[in-house]
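Participant: Below is a structure I'd like to ask you about.
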Amino acid sequence: MNPLFRNDAAGEYPPSWYTATAETAPERPALAGDHRFDACVIGAGFTGLSAALFLAEKGFSVAVLEAHRAGFGASGRNGGQVGSGYNKDQIWLEKQLGPIKARALWDMAEAAKDQVRTLSAAHAPDARFLPGVAHGEYSARDTTEHHDYIAHLHDTYGYDQVDCLDAAAFADLVRSPRYKGGIVDRGAGHIHPLRYALGLARAAEAAGAQIFERSAATRIETGTQPVIHTDQGRITCDHLIVAGNGYLPDLDSAISSHVMPINSFIAATEPLGHNAQKVLTEDIAVADSKFVVNYYRMSEDNRFLFGGRESYTLGFPTDITTKLRERMLSLFPQLSDASIDYVWGGTLGITMTRLPYLARIGPSTLTASGFSGHGVALSGFAGRIMAEAAAGQAERFDLMSELPTPAFPGGKHLRAPILTLAMTWYSLRDRLGV
């Protein structure tokens, strides 16, 4: 079944804490009839809305097709962490691409974080960008290796915004008995992602872009003049940007073979009040070194937002809460009496290497997806560099498209069972502490 409609009611935001605390816009009209634009963007998430904003600012006439509502997908329901770098570290990128390209990619990742800060301040101050992302380690060996990597970032890239913490210092910050040390990246941060996405939509419209909601693309023709079909209309354009990520239906075989949808889930507790200090002593976000990563932070009303359970089937589990709560309590047993007020899931796109997949899939068609849980900054930046490429400046797009993202073994038909077997193995390693 189409991932756009498997787990959600058509045109309705999920019942998340984000939805409950965001001011959504009135529903926009659907596309009807034949239209001509300079550029068409499929998907109104961080990637698509950023592309639309920057294209409109360059003077392009822009249409955005969204199957549900702006910010409906992963952009409006993720952990809100604005991380540094990529899912592969810089040493890995240096070995794969050489030091010069690795440096340029690092600079782009830094620019991606700056873009979130700048755009949120200008268009979504209620998204409350706040600095600080910690990363916890489960062994002394992993802590030492991570601290050594931070030294490499400092010495090679001049990045000096990370504090390295031993077990005691990390426990003073993150009140879990499980961690043996970690780091705090003061150059990273966190936001309310749905408010940010809604702000990008407003900014894109103010710049002249038109957003059509409940307008799922059903077929695309990626020739020199791309044509995009919906159930009720059609757009012909000079430039097409495909930005649906994990919610993208099977519109193009190249994307489907390189990017796979998976689900992740988040719970929000009741407001903890002063007890929030028993979990986190600073208003930072946290992730850890489990392969099936745990990620969490406090909300502005002192709810604990905890995410980390993944599933590799298209449909959500019938019971999301039980296993997610078990993961939360394994780290923070002091929350055993806290009730869960919200639980929601979302679909993201992953690649074999957990690096973004950027590609030209036609003479006038670009795509970016597969941000693999590291996309709050990188996805919007990918939208920007696709807009640059459409305007004739493709250097940054071409470089990011060199990130190694091989197709899944077996293509789109066998990718899910093969990945499920692999993830079962990694989940077992997590539980055994291997």
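Please note that chains go A, B, ... in the order of the structure tokens, that every chain numbers its residues from 1, and that ligands are numbered from 1 in the order shown.
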Please extract the residues of range 38-224 of chain A with a backbone DSSP assignment of strand (DSSP E) and present them as a PyMOL selection string.

Facilitator: chain A and resi 38-42+62-65+81-82+130-137+162-166+181-190+210-212+219-221

Participant: Need to verify the contact set: Leu331 in chain A, 9 Å, only C-alpha atoms, exclusion of same-chain residues closer than 6 positions in sequence. Can you return it as number ranges by chain?

Facilitator: A: 175-179

Participant: So the first atom is CA of Lys323 in chain A and the second is CA of Phe265 in chain A; what is the distance between them in Å, to one decimal place?

Facilitator: 10.2 Å

Participant: Quote the spacing between CA of Ala201 in chain A and CA of Ala56 in chain A in Å to one decimal place.

Facilitator: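 Result for CA of Ala201 in chain A versus CA of Ala56 in chain A: 11.9 Å, one decimal.
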
Participant: Which of these residues is nearest to Leu130 in chain A, using only C-alpha atoms: A:Thr269, A:Gln81, A:Ser330, A:Asn263?

Facilitator: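 Checking each candidate against Leu130 in chain A, we get A:Gln81 as the closest.
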